[in-house]
Amino acid sequence: MALQRRVAVIGAGPSGLAAARALDRAGLDLVGYEAHDDVGGLWDIDNPRSTVYDSAHLISSRTTTQFDELPMDSSADYPGHRELLRYFRTYADVFDLRRHYRFGTRVVAVEPADDDASGASGWHVHSTGPDGATTVEHVGHVVIANGTLAEPNVPTFDGDLTAELLHSSEYRSADVFAGKRVLVVGGGNSGCDIAVDAVHRAASVDLSVRRGYWFVPRYLLGRPTDTLNQGRPLPAKIKQAVDSRVLMLLNGDPQRFGFPAPDHKIYESHPVVNSLVLQHAGQGDLKVRQDIRRFDGDTVHFVDGTTGTYDLVLLATGYRLDYPFVDPKHLAWDGPGSGGAPELFCNIVPPSFNGLFVVGMLEASGIGWQGRAEQAELVARLLAAQAAADDGDVAARERVEAFRRRVAGRWPDLTGGYRYLGLERMSYYVNKDAYRRTVRGYVRDLTAPKSGDRR
Ligand SMILES: Cc1cc2nc3c(=O)[nH]c(=O)nc-3n(C[C@H](O)[C@H](O)[C@H](O)COP(=O)(O)OP(=O)(O)OC[C@H]3O[C@@H](n4cnc5c(N)ncnc54)[C@H](O)[C@@H]3O)c2cc1C
């Protein structure tokens, strides 16, 4: 098999599986690497890189999240992680994807062959197998799908803390809270889920937040909220006006429950899909605190001058992008801690076309696994067209060149008209409708028309 048809896939989570499926269907020759012993990514709570906890369920609803090709065999609107793991195992079985993977095998380095950063000579993928032996594979392309929610973002705080300190990445079960005075730091989706867990076990629960959030209930009119208004996206300004009024009607003003007023309009940051946190705040089960000023023994000083005393501080402060096996310059990136994300066309393709691709570097409200599958489809169609062009297919060459011209030209606006907060975690955020429409358009343009197709 020619080098240009040989593709490595790193990771067998939802994104890696979607990549394996798309590349396999496009007739490319792939070798997959998964550090854990099976598929499922972070949805396998036994995967050491997993960041789910016992109570974790989908935040987006089942039908908006699942792969189009394989509807989930479930009646739950928001299935839990165990059911999701079964789904990914079924997906791997149905499309016979495990045969491509080396399990228990961690990629430790991805380097350009012959030191040629253009990627023209392909890439060397160095991996360590279950027996500890290192192997090197020479491939034409590498799809990086190692996940975005594994490397904890741990802020620094002034002072010393004597209370137990955990990051949400280490949190598995509410047993850890039993009888303790708990402070959860960060009011995103994980922070709110975990604070709600803690309410049932801890002696007391405080939740420290830096900014106000928009809280979206899981259900509206008896249906999962994100299933309403599907396929007919409203212009950003109208959607913001309508949805913020609806939330005001349903939840009232979150300031009544002690939360600060949001410093942004709805959808300019990731909304918190949680109906319970406001209820528990209203019941007095948890107290909302402001940002932390400093630690002092078991006491935490907040910026408003108040203090609290804790046995356990749990940081739900998010995650950082992490591609430790590849020099960040190959991903057009200044690296972890730079405040930004790799500058990739549609969050997928380095502008240098060096043969590396990232699938799954995507945050968006409701993008689901289908959004990741469409990223994978774009990579597969591009590589298939390139391979056909190498075999002398002139029309395929034109399709590849047209795509390259797009990448060299002005990049599409993927914000959907929303002005996202200038935070590190928002640096790869997209609007799901604008993003999927754009990616699907490129997939169409890269696909050979079937005889009889009108294009
Ligand atoms: C609590 C929680 C709730 C969530 N809810 C939703 C939701 O409702 N909807 C939604 O769309 N998303 C949700 N997510 C986001 C979640 O990240 C995605 O659903 C999905 O798991 C992303 O898939 P992935 O394949 O990109 O990454 P992952 O699932 O993280 O998989 C990455 C895989 O790569 C492997 N790997 C990493 N490094 C290497 C290496 N060097 N060599 C070999 N293998 C490697 C890992 O072992 C892992 O199996 C949630 C996340 C959490 C934590």
# chains A, B, ... in the order shown; residues from 1 in each chain; ligands from 1

$ residues_around --residues "stretch 287-300 of chain A" --least-positions-apart "6" --cutoff "9 Å" --atoms "only C-alpha atoms" --output "PDB file with N, CA and C atoms, in the first residue's frame"
ATOM      1  N   PHE A 157      -3.133  29.722  43.086  1.00  0.00           N
ATOM      2  CA  PHE A 157      -3.791  30.587  44.070  1.00  0.00           C
ATOM      3  C   PHE A 157      -2.735  31.086  45.047  1.00  0.00           C
ATOM      4  N   ASP A 158      -2.948  32.277  45.548  1.00  0.00           N
ATOM      5  CA  ASP A 158      -2.047  32.776  46.591  1.00  0.00           C
ATOM      6  C   ASP A 158      -2.300  32.014  47.891  1.00  0.00           C
ATOM      7  N   GLY A 159      -1.247  31.858  48.679  1.00  0.00           N
ATOM      8  CA  GLY A 159      -1.384  31.240  50.004  1.00  0.00           C
ATOM      9  C   GLY A 159      -1.288  29.724  49.942  1.00  0.00           C
ATOM     10  N   ASP A 160      -1.349  29.104  51.129  1.00  0.00           N
ATOM     11  CA  ASP A 160      -1.237  27.643  51.217  1.00  0.00           C
ATOM     12  C   ASP A 160      -2.547  27.069  51.735  1.00  0.00           C
ATOM     13  N   LEU A 161      -2.884  25.910  51.188  1.00  0.00           N
ATOM     14  CA  LEU A 161      -4.138  25.255  51.577  1.00  0.00           C
ATOM     15  C   LEU A 161      -3.796  23.972  52.318  1.00  0.00           C
ATOM     16  N   THR A 162      -4.414  23.774  53.485  1.00  0.00           N
ATOM     17  CA  THR A 162      -4.193  22.507  54.191  1.00  0.00           C
ATOM     18  C   THR A 162      -5.343  21.525  53.947  1.00  0.00           C
ATOM     19  N   ALA A 163      -6.476  22.052  53.423  1.00  0.00           N
ATOM     20  CA  ALA A 163      -7.605  21.146  53.100  1.00  0.00           C
ATOM     21  C   ALA A 163      -7.191  20.265  51.931  1.00  0.00           C
ATOM     22  N   GLU A 164      -7.907  19.145  51.770  1.00  0.00           N
ATOM     23  CA  GLU A 164      -7.653  18.248  50.640  1.00  0.00           C
ATOM     24  C   GLU A 164      -7.969  19.003  49.341  1.00  0.00           C
ATOM     25  N   VAL A 185     -14.959  24.682  43.045  1.00  0.00           N
ATOM     26  CA  VAL A 185     -14.504  25.916  42.394  1.00  0.00           C
ATOM     27  C   VAL A 185     -14.781  25.802  40.898  1.00  0.00           C
ATOM     28  N   GLY A 186     -15.630  26.687  40.381  1.00  0.00           N
ATOM     29  CA  GLY A 186     -15.942  26.675  38.946  1.00  0.00           C
ATOM     30  C   GLY A 186     -17.376  26.230  38.726  1.00  0.00           C
ATOM     31  N   SER A 204     -21.462  20.369  54.158  1.00  0.00           N
ATOM     32  CA  SER A 204     -21.901  21.643  53.573  1.00  0.00           C
ATOM     33  C   SER A 204     -21.257  21.765  52.196  1.00  0.00           C
ATOM     34  N   VAL A 205     -21.902  22.521  51.303  1.00  0.00           N
ATOM     35  CA  VAL A 205     -21.364  22.697  49.949  1.00  0.00           C
ATOM     36  C   VAL A 205     -21.399  24.172  49.581  1.00  0.00           C
ATOM     37  N   ASP A 206     -20.242  24.705  49.196  1.00  0.00           N
ATOM     38  CA  ASP A 206     -20.172  26.041  48.611  1.00  0.00           C
ATOM     39  C   ASP A 206     -19.681  25.891  47.176  1.00  0.00           C
ATOM     40  N   LEU A 207     -20.095  26.827  46.342  1.00  0.00           N
ATOM     41  CA  LEU A 207     -19.700  26.808  44.928  1.00  0.00           C
ATOM     42  C   LEU A 207     -19.138  28.189  44.604  1.00  0.00           C
ATOM     43  N   SER A 208     -17.832  28.226  44.294  1.00  0.00           N
ATOM     44  CA  SER A 208     -17.193  29.514  43.992  1.00  0.00           C
ATOM     45  C   SER A 208     -17.198  29.743  42.481  1.00  0.00           C
ATOM     46  N   VAL A 209     -17.735  30.890  42.063  1.00  0.00           N
ATOM     47  CA  VAL A 209     -17.802  31.185  40.632  1.00  0.00           C
ATOM     48  C   VAL A 209     -17.163  32.546  40.356  1.00  0.00           C
ATOM     49  N   ARG A 210     -16.520  32.621  39.186  1.00  0.00           N
ATOM     50  CA  ARG A 210     -15.883  33.870  38.788  1.00  0.00           C
ATOM     51  C   ARG A 210     -16.840  34.810  38.089  1.00  0.00           C
ATOM     52  N   ARG A 211     -17.764  34.190  37.361  1.00  0.00           N
ATOM     53  CA  ARG A 211     -18.693  34.996  36.563  1.00  0.00           C
ATOM     54  C   ARG A 211     -20.077  34.362  36.624  1.00  0.00           C
ATOM     55  N   PHE A 257     -30.470  33.637  43.420  1.00  0.00           N
ATOM     56  CA  PHE A 257     -29.926  32.433  44.071  1.00  0.00           C
ATOM     57  C   PHE A 257     -28.471  32.642  44.489  1.00  0.00           C
ATOM     58  N   GLY A 258     -27.987  33.878  44.320  1.00  0.00           N
ATOM     59  CA  GLY A 258     -26.624  34.198  44.770  1.00  0.00           C
ATOM     60  C   GLY A 258     -25.593  34.223  43.659  1.00  0.00           C
ATOM     61  N   PHE A 259     -25.983  33.880  42.423  1.00  0.00           N
ATOM     62  CA  PHE A 259     -25.018  33.911  41.320  1.00  0.00           C
ATOM     63  C   PHE A 259     -24.837  35.345  40.836  1.00  0.00           C
ATOM     64  N   PRO A 260     -23.609  35.686  40.379  1.00  0.00           N
ATOM     65  CA  PRO A 260     -23.440  37.006  39.774  1.00  0.00           C
ATOM     66  C   PRO A 260     -24.229  37.088  38.465  1.00  0.00           C
ATOM     67  N   HIS A 280     -31.083  23.656  44.276  1.00  0.00           N
ATOM     68  CA  HIS A 280     -30.349  23.412  45.533  1.00  0.00           C
ATOM     69  C   HIS A 280     -29.894  24.716  46.170  1.00  0.00           C
ATOM     70  N   ALA A 281     -29.534  25.694  45.328  1.00  0.00           N
ATOM     71  CA  ALA A 281     -29.165  26.990  45.906  1.00  0.00           C
ATOM     72  C   ALA A 281     -30.389  27.587  46.597  1.00  0.00           C
ATOM     73  N   THR A 306     -15.375  37.867  52.225  1.00  0.00           N
ATOM     74  CA  THR A 306     -15.912  36.796  53.078  1.00  0.00           C
ATOM     75  C   THR A 306     -14.911  35.637  53.110  1.00  0.00           C
ATOM     76  N   THR A 307     -15.104  34.725  54.062  1.00  0.00           N
ATOM     77  CA  THR A 307     -14.228  33.554  54.181  1.00  0.00           C
ATOM     78  C   THR A 307     -15.073  32.299  54.399  1.00  0.00           C
ATOM     79  N   GLY A 308     -14.472  31.159  54.154  1.00  0.00           N
ATOM     80  CA  GLY A 308     -15.121  29.886  54.452  1.00  0.00           C
ATOM     81  C   GLY A 308     -14.051  28.888  54.870  1.00  0.00           C
ATOM     82  N   THR A 309     -14.450  27.892  55.645  1.00  0.00           N
ATOM     83  CA  THR A 309     -13.510  26.876  56.130  1.00  0.00           C
ATOM     84  C   THR A 309     -13.923  25.529  55.547  1.00  0.00           C
ATOM     85  N   TYR A 310     -12.936  24.804  54.998  1.00  0.00           N
ATOM     86  CA  TYR A 310     -13.274  23.598  54.230  1.00  0.00           C
ATOM     87  C   TYR A 310     -12.356  22.420  54.565  1.00  0.00           C
ATOM     88  N   ASP A 311     -12.921  21.212  54.341  1.00  0.00           N
ATOM     89  CA  ASP A 311     -12.110  19.988  54.423  1.00  0.00           C
ATOM     90  C   ASP A 311     -11.635  19.575  53.038  1.00  0.00           C
ATOM     91  N   LEU A 312     -12.398  19.951  52.016  1.00  0.00           N
ATOM     92  CA  LEU A 312     -12.080  19.512  50.648  1.00  0.00           C
ATOM     93  C   LEU A 312     -12.400  20.639  49.671  1.00  0.00           C
TER      94      LEU A 312
END

$ residues_near_ligand --ligand "ligand 1" --cutoff "8 Å" --atoms "only C-alpha atoms and all ligand atoms" --output "mmCIF file with N, CA, C and O atoms, in the first residue's frame"
data_model
loop_
_atom_site.group_PDB
_atom_site.id
_atom_site.type_symbol
_atom_site.label_atom_id
_atom_site.label_comp_id
_atom_site.auth_asym_id
_atom_site.auth_seq_id
_atom_site.Cartn_x
_atom_site.Cartn_y
_atom_site.Cartn_z
ATOM 1 N N ILE A 10 -4.818 8.370 16.190
ATOM 2 C CA ILE A 10 -4.445 8.300 17.614
ATOM 3 C C ILE A 10 -5.696 8.499 18.460
ATOM 4 O O ILE A 10 -6.289 9.581 18.459
ATOM 5 N N GLY A 11 -6.121 7.442 19.148
ATOM 6 C CA GLY A 11 -7.287 7.516 20.024
ATOM 7 C C GLY A 11 -8.459 6.713 19.487
ATOM 8 O O GLY A 11 -8.721 6.711 18.274
ATOM 9 N N ALA A 12 -9.150 6.025 20.387
ATOM 10 C CA ALA A 12 -10.354 5.263 20.013
ATOM 11 C C ALA A 12 -11.552 5.723 20.842
ATOM 12 O O ALA A 12 -12.414 4.942 21.231
ATOM 13 N N GLY A 13 -11.574 7.040 21.126
ATOM 14 C CA GLY A 13 -12.789 7.643 21.691
ATOM 15 C C GLY A 13 -13.753 7.917 20.539
ATOM 16 O O GLY A 13 -13.515 7.487 19.402
ATOM 17 N N PRO A 14 -14.837 8.638 20.802
ATOM 18 C CA PRO A 14 -15.799 8.940 19.735
ATOM 19 C C PRO A 14 -15.137 9.532 18.486
ATOM 20 O O PRO A 14 -15.478 9.138 17.365
ATOM 21 N N SER A 15 -14.180 10.442 18.653
ATOM 22 C CA SER A 15 -13.573 11.088 17.471
ATOM 23 C C SER A 15 -12.678 10.119 16.710
ATOM 24 O O SER A 15 -12.716 10.070 15.475
ATOM 25 N N GLY A 16 -11.864 9.356 17.440
ATOM 26 C CA GLY A 16 -10.983 8.394 16.772
ATOM 27 C C GLY A 16 -11.794 7.324 16.057
ATOM 28 O O GLY A 16 -11.472 6.921 14.928
ATOM 29 N N LEU A 17 -12.866 6.857 16.711
ATOM 30 C CA LEU A 17 -13.711 5.835 16.068
ATOM 31 C C LEU A 17 -14.366 6.394 14.804
ATOM 32 O O LEU A 17 -14.442 5.713 13.779
ATOM 33 N N TYR A 33 -4.122 3.643 17.189
ATOM 34 C CA TYR A 33 -3.413 3.492 18.466
ATOM 35 C C TYR A 33 -4.347 3.920 19.576
ATOM 36 O O TYR A 33 -4.927 5.009 19.518
ATOM 37 N N GLU A 34 -4.475 3.099 20.587
ATOM 38 C CA GLU A 34 -5.278 3.471 21.756
ATOM 39 C C GLU A 34 -4.511 3.046 23.001
ATOM 40 O O GLU A 34 -4.184 1.871 23.169
ATOM 41 N N ALA A 35 -4.257 4.022 23.869
ATOM 42 C CA ALA A 35 -3.470 3.748 25.073
ATOM 43 C C ALA A 35 -4.220 2.813 26.032
ATOM 44 O O ALA A 35 -3.601 1.994 26.716
ATOM 45 N N HIS A 36 -5.546 2.918 26.063
ATOM 46 C CA HIS A 36 -6.347 2.072 26.958
ATOM 47 C C HIS A 36 -6.592 0.715 26.284
ATOM 48 O O HIS A 36 -6.228 0.526 25.123
ATOM 49 N N ASP A 38 -9.428 -0.706 25.363
ATOM 50 C CA ASP A 38 -10.606 -0.865 24.487
ATOM 51 C C ASP A 38 -11.060 0.516 24.012
ATOM 52 O O ASP A 38 -10.506 1.545 24.411
ATOM 53 N N VAL A 39 -12.121 0.507 23.223
ATOM 54 C CA VAL A 39 -12.660 1.746 22.653
ATOM 55 C C VAL A 39 -13.525 2.478 23.695
ATOM 56 O O VAL A 39 -13.854 1.917 24.738
ATOM 57 N N GLY A 40 -13.900 3.714 23.386
ATOM 58 C CA GLY A 40 -14.857 4.443 24.246
ATOM 59 C C GLY A 40 -14.332 5.766 24.767
ATOM 60 O O GLY A 40 -15.113 6.606 25.204
ATOM 61 N N GLY A 41 -12.996 5.932 24.767
ATOM 62 C CA GLY A 41 -12.426 7.215 25.200
ATOM 63 C C GLY A 41 -12.800 7.539 26.627
ATOM 64 O O GLY A 41 -12.849 6.660 27.498
ATOM 65 N N LEU A 42 -13.133 8.799 26.871
ATOM 66 C CA LEU A 42 -13.389 9.209 28.258
ATOM 67 C C LEU A 42 -14.691 8.642 28.806
ATOM 68 O O LEU A 42 -14.959 8.715 30.004
ATOM 69 N N TRP A 43 -15.522 8.054 27.921
ATOM 70 C CA TRP A 43 -16.776 7.474 28.405
ATOM 71 C C TRP A 43 -16.548 6.129 29.092
ATOM 72 O O TRP A 43 -17.478 5.554 29.659
ATOM 73 N N ASP A 44 -15.327 5.610 29.036
ATOM 74 C CA ASP A 44 -14.975 4.411 29.799
ATOM 75 C C ASP A 44 -14.341 4.885 31.101
ATOM 76 O O ASP A 44 -13.186 5.306 31.126
ATOM 77 N N ASN A 47 -10.874 3.932 31.932
ATOM 78 C CA ASN A 47 -9.734 4.445 31.166
ATOM 79 C C ASN A 47 -9.010 5.469 32.056
ATOM 80 O O ASN A 47 -9.640 6.429 32.524
ATOM 81 N N PRO A 48 -7.708 5.289 32.314
ATOM 82 C CA PRO A 48 -7.024 6.234 33.210
ATOM 83 C C PRO A 48 -7.150 7.687 32.743
ATOM 84 O O PRO A 48 -7.035 8.607 33.542
ATOM 85 N N ARG A 49 -7.399 7.915 31.443
ATOM 86 C CA ARG A 49 -7.561 9.294 30.966
ATOM 87 C C ARG A 49 -9.003 9.779 31.052
ATOM 88 O O ARG A 49 -9.313 10.910 30.671
ATOM 89 N N SER A 50 -9.894 8.917 31.554
ATOM 90 C CA SER A 50 -11.302 9.325 31.619
ATOM 91 C C SER A 50 -11.496 10.428 32.640
ATOM 92 O O SER A 50 -10.870 10.435 33.705
ATOM 93 N N THR A 51 -12.392 11.358 32.330
ATOM 94 C CA THR A 51 -12.714 12.416 33.297
ATOM 95 C C THR A 51 -14.203 12.405 33.615
ATOM 96 O O THR A 51 -14.761 13.414 34.033
ATOM 97 N N VAL A 52 -14.866 11.254 33.380
ATOM 98 C CA VAL A 52 -16.261 11.157 33.818
ATOM 99 C C VAL A 52 -16.300 10.620 35.250
ATOM 100 O O VAL A 52 -15.331 10.058 35.744
ATOM 101 N N TYR A 53 -17.440 10.828 35.874
ATOM 102 C CA TYR A 53 -17.646 10.419 37.261
ATOM 103 C C TYR A 53 -18.905 9.558 37.298
ATOM 104 O O TYR A 53 -19.675 9.520 36.325
ATOM 105 N N ALA A 56 -22.111 10.869 35.850
ATOM 106 C CA ALA A 56 -22.057 11.615 34.581
ATOM 107 C C ALA A 56 -23.062 11.070 33.563
ATOM 108 O O ALA A 56 -23.146 9.862 33.319
ATOM 109 N N HIS A 57 -23.801 11.973 32.981
ATOM 110 C CA HIS A 57 -24.745 11.683 31.896
ATOM 111 C C HIS A 57 -24.440 12.648 30.765
ATOM 112 O O HIS A 57 -23.730 13.639 30.954
ATOM 113 N N LEU A 58 -25.026 12.379 29.609
ATOM 114 C CA LEU A 58 -24.893 13.343 28.527
ATOM 115 C C LEU A 58 -25.428 14.695 28.986
ATOM 116 O O LEU A 58 -26.386 14.759 29.768
ATOM 117 N N ILE A 59 -24.823 15.737 28.455
ATOM 118 C CA ILE A 59 -25.310 17.096 28.717
ATOM 119 C C ILE A 59 -26.173 17.536 27.531
ATOM 120 O O ILE A 59 -27.214 18.162 27.691
ATOM 121 N N SER A 60 -25.709 17.171 26.338
ATOM 122 C CA SER A 60 -26.586 17.336 25.171
ATOM 123 C C SER A 60 -27.455 16.070 25.096
ATOM 124 O O SER A 60 -27.082 15.037 25.640
ATOM 125 N N SER A 61 -28.589 16.140 24.427
ATOM 126 C CA SER A 61 -29.493 14.988 24.496
ATOM 127 C C SER A 61 -29.106 13.914 23.475
ATOM 128 O O SER A 61 -28.360 14.174 22.535
ATOM 129 N N THR A 65 -26.901 14.082 19.811
ATOM 130 C CA THR A 65 -25.493 13.778 20.064
ATOM 131 C C THR A 65 -25.005 12.556 19.283
ATOM 132 O O THR A 65 -23.860 12.503 18.850
ATOM 133 N N TYR A 78 -31.027 11.472 28.204
ATOM 134 C CA TYR A 78 -29.652 11.868 28.544
ATOM 135 C C TYR A 78 -28.954 10.649 29.160
ATOM 136 O O TYR A 78 -28.797 10.574 30.381
ATOM 137 N N GLY A 104 -3.752 -0.749 24.212
ATOM 138 C CA GLY A 104 -2.682 -0.721 25.211
ATOM 139 C C GLY A 104 -1.410 -0.113 24.625
ATOM 140 O O GLY A 104 -0.313 -0.362 25.123
ATOM 141 N N THR A 105 -1.576 0.673 23.589
ATOM 142 C CA THR A 105 -0.419 1.209 22.864
ATOM 143 C C THR A 105 -0.504 2.729 22.815
ATOM 144 O O THR A 105 -1.445 3.290 22.251
ATOM 145 N N ARG A 106 0.458 3.354 23.440
ATOM 146 C CA ARG A 106 0.452 4.816 23.558
ATOM 147 C C ARG A 106 1.398 5.424 22.542
ATOM 148 O O ARG A 106 2.550 4.997 22.425
ATOM 149 N N VAL A 107 0.919 6.414 21.827
ATOM 150 C CA VAL A 107 1.794 7.153 20.914
ATOM 151 C C VAL A 107 2.634 8.116 21.747
ATOM 152 O O VAL A 107 2.100 8.896 22.537
ATOM 153 N N VAL A 108 3.951 8.017 21.585
ATOM 154 C CA VAL A 108 4.826 8.872 22.389
ATOM 155 C C VAL A 108 5.478 9.972 21.552
ATOM 156 O O VAL A 108 5.924 10.990 22.097
ATOM 157 N N SER A 127 5.459 4.465 19.149
ATOM 158 C CA SER A 127 4.481 4.074 20.165
ATOM 159 C C SER A 127 5.078 3.031 21.101
ATOM 160 O O SER A 127 6.014 2.316 20.732
ATOM 161 N N ALA A 145 -6.650 12.290 17.510
ATOM 162 C CA ALA A 145 -7.989 12.308 18.148
ATOM 163 C C ALA A 145 -7.827 11.875 19.599
ATOM 164 O O ALA A 145 -8.491 10.944 20.062
ATOM 165 N N ASN A 146 -6.917 12.543 20.296
ATOM 166 C CA ASN A 146 -6.585 12.126 21.663
ATOM 167 C C ASN A 146 -7.424 12.824 22.720
ATOM 168 O O ASN A 146 -7.171 12.675 23.911
ATOM 169 N N GLY A 147 -8.446 13.594 22.293
ATOM 170 C CA GLY A 147 -9.358 14.194 23.275
ATOM 171 C C GLY A 147 -8.885 15.557 23.747
ATOM 172 O O GLY A 147 -7.707 15.915 23.594
ATOM 173 N N THR A 148 -9.837 16.311 24.289
ATOM 174 C CA THR A 148 -9.518 17.670 24.752
ATOM 175 C C THR A 148 -9.771 17.836 26.250
ATOM 176 O O THR A 148 -9.502 18.885 26.802
ATOM 177 N N LEU A 149 -10.335 16.795 26.874
ATOM 178 C CA LEU A 149 -10.745 16.954 28.277
ATOM 179 C C LEU A 149 -10.010 15.965 29.173
ATOM 180 O O LEU A 149 -10.628 15.209 29.915
ATOM 181 N N ALA A 150 -8.686 15.944 29.061
ATOM 182 C CA ALA A 150 -7.931 15.019 29.905
ATOM 183 C C ALA A 150 -6.874 15.739 30.729
ATOM 184 O O ALA A 150 -6.547 15.307 31.833
ATOM 185 N N ASN A 189 -20.354 23.111 33.503
ATOM 186 C CA ASN A 189 -21.230 21.934 33.576
ATOM 187 C C ASN A 189 -20.728 20.909 34.586
ATOM 188 O O ASN A 189 -21.506 20.394 35.383
ATOM 189 N N SER A 190 -19.406 20.622 34.584
ATOM 190 C CA SER A 190 -18.894 19.638 35.550
ATOM 191 C C SER A 190 -19.012 20.176 36.969
ATOM 192 O O SER A 190 -19.431 19.449 37.887
ATOM 193 N N TYR A 323 -1.246 18.084 23.199
ATOM 194 C CA TYR A 323 -0.789 17.169 22.142
ATOM 195 C C TYR A 323 0.688 16.898 22.407
ATOM 196 O O TYR A 323 1.561 17.379 21.689
ATOM 197 N N PRO A 324 0.971 16.140 23.491
ATOM 198 C CA PRO A 324 2.339 16.087 24.022
ATOM 199 C C PRO A 324 3.323 15.362 23.108
ATOM 200 O O PRO A 324 4.532 15.492 23.278
ATOM 201 N N PHE A 325 2.805 14.596 22.147
ATOM 202 C CA PHE A 325 3.680 13.758 21.317
ATOM 203 C C PHE A 325 4.121 14.448 20.031
ATOM 204 O O PHE A 325 4.819 13.853 19.226
ATOM 205 N N VAL A 359 -8.950 15.690 14.846
ATOM 206 C CA VAL A 359 -10.403 15.473 14.900
ATOM 207 C C VAL A 359 -10.817 15.502 16.375
ATOM 208 O O VAL A 359 -10.198 14.834 17.200
ATOM 209 N N GLY A 360 -11.821 16.307 16.672
ATOM 210 C CA GLY A 360 -12.320 16.371 18.052
ATOM 211 C C GLY A 360 -11.899 17.617 18.801
ATOM 212 O O GLY A 360 -12.337 17.817 19.929
ATOM 213 N N MET A 361 -11.084 18.473 18.173
ATOM 214 C CA MET A 361 -10.723 19.736 18.846
ATOM 215 C C MET A 361 -11.863 20.714 18.575
ATOM 216 O O MET A 361 -11.803 21.546 17.681
ATOM 217 N N GLY A 366 -23.990 21.568 21.601
ATOM 218 C CA GLY A 366 -24.798 20.634 20.809
ATOM 219 C C GLY A 366 -24.158 20.127 19.529
ATOM 220 O O GLY A 366 -24.866 19.663 18.641
ATOM 221 N N ILE A 367 -22.829 20.132 19.424
ATOM 222 C CA ILE A 367 -22.198 19.661 18.179
ATOM 223 C C ILE A 367 -22.265 18.139 18.071
ATOM 224 O O ILE A 367 -22.319 17.590 16.969
ATOM 225 N N GLY A 368 -22.262 17.469 19.217
ATOM 226 C CA GLY A 368 -22.447 16.008 19.245
ATOM 227 C C GLY A 368 -21.334 15.237 18.565
ATOM 228 O O GLY A 368 -20.370 15.802 18.060
ATOM 229 N N TRP A 369 -21.505 13.933 18.555
ATOM 230 C CA TRP A 369 -20.507 13.073 17.899
ATOM 231 C C TRP A 369 -20.672 13.136 16.397
ATOM 232 O O TRP A 369 -19.727 12.897 15.656
ATOM 233 N N ARG A 372 -18.346 15.604 15.102
ATOM 234 C CA ARG A 372 -16.977 15.063 15.040
ATOM 235 C C ARG A 372 -16.865 14.107 13.850
ATOM 236 O O ARG A 372 -15.839 14.055 13.185
#

$ residues_around --residues "stretch 225-237 of chain A" --least-positions-apart "6" --cutoff "6 Å" --atoms "only C-alpha atoms" --output "ChimeraX atom specification"
/A:218-219,417

$ closest_residue --among "A:Gly212, A:Pro336, A:Gly284, A:Gly392" --to "A:His264" --atoms "only C-alpha atoms"
A:Gly212

$ residues_around --residues "stretch 91-98 of chain A" --least-positions-apart "3" --cutoff "12 Å" --atoms "only C-alpha atoms" --output "MDAnalysis selection string"
chainID A and resid 9 11:14 16:25 30:34 37:40 66:73 84:88 101:103 369

$ select_by_dssp --residues "stretch 341-377 of chain A" --states "alpha helix (DSSP H)" --output "PyMOL selection string"
chain A and resi 368-377

$ select_by_dssp --residues "stretch 145-373 of chain A" --states "strand (DSSP E or B)" --output "number ranges by chain"
A: 151-152, 158, 161, 164-167, 181-185, 204-208, 215-216, 219-220, 223-224, 272-273, 286-289, 292-297, 299-302, 307-309, 312-315, 319-320, 345, 349, 356-358, 363

$ residues_around --residues "A:Val443" --least-positions-apart "3" --cutoff "7 Å" --atoms "only C-alpha atoms" --output "JSON, numbers by chain"
{"A": [377, 378, 381, 439, 440, 446, 447]}

$ closest_residue --among "A:Pro328, A:Glu151, A:Ser168, A:Phe215" --to "A:Gln255" --atoms "only C-alpha atoms"
A:Phe215
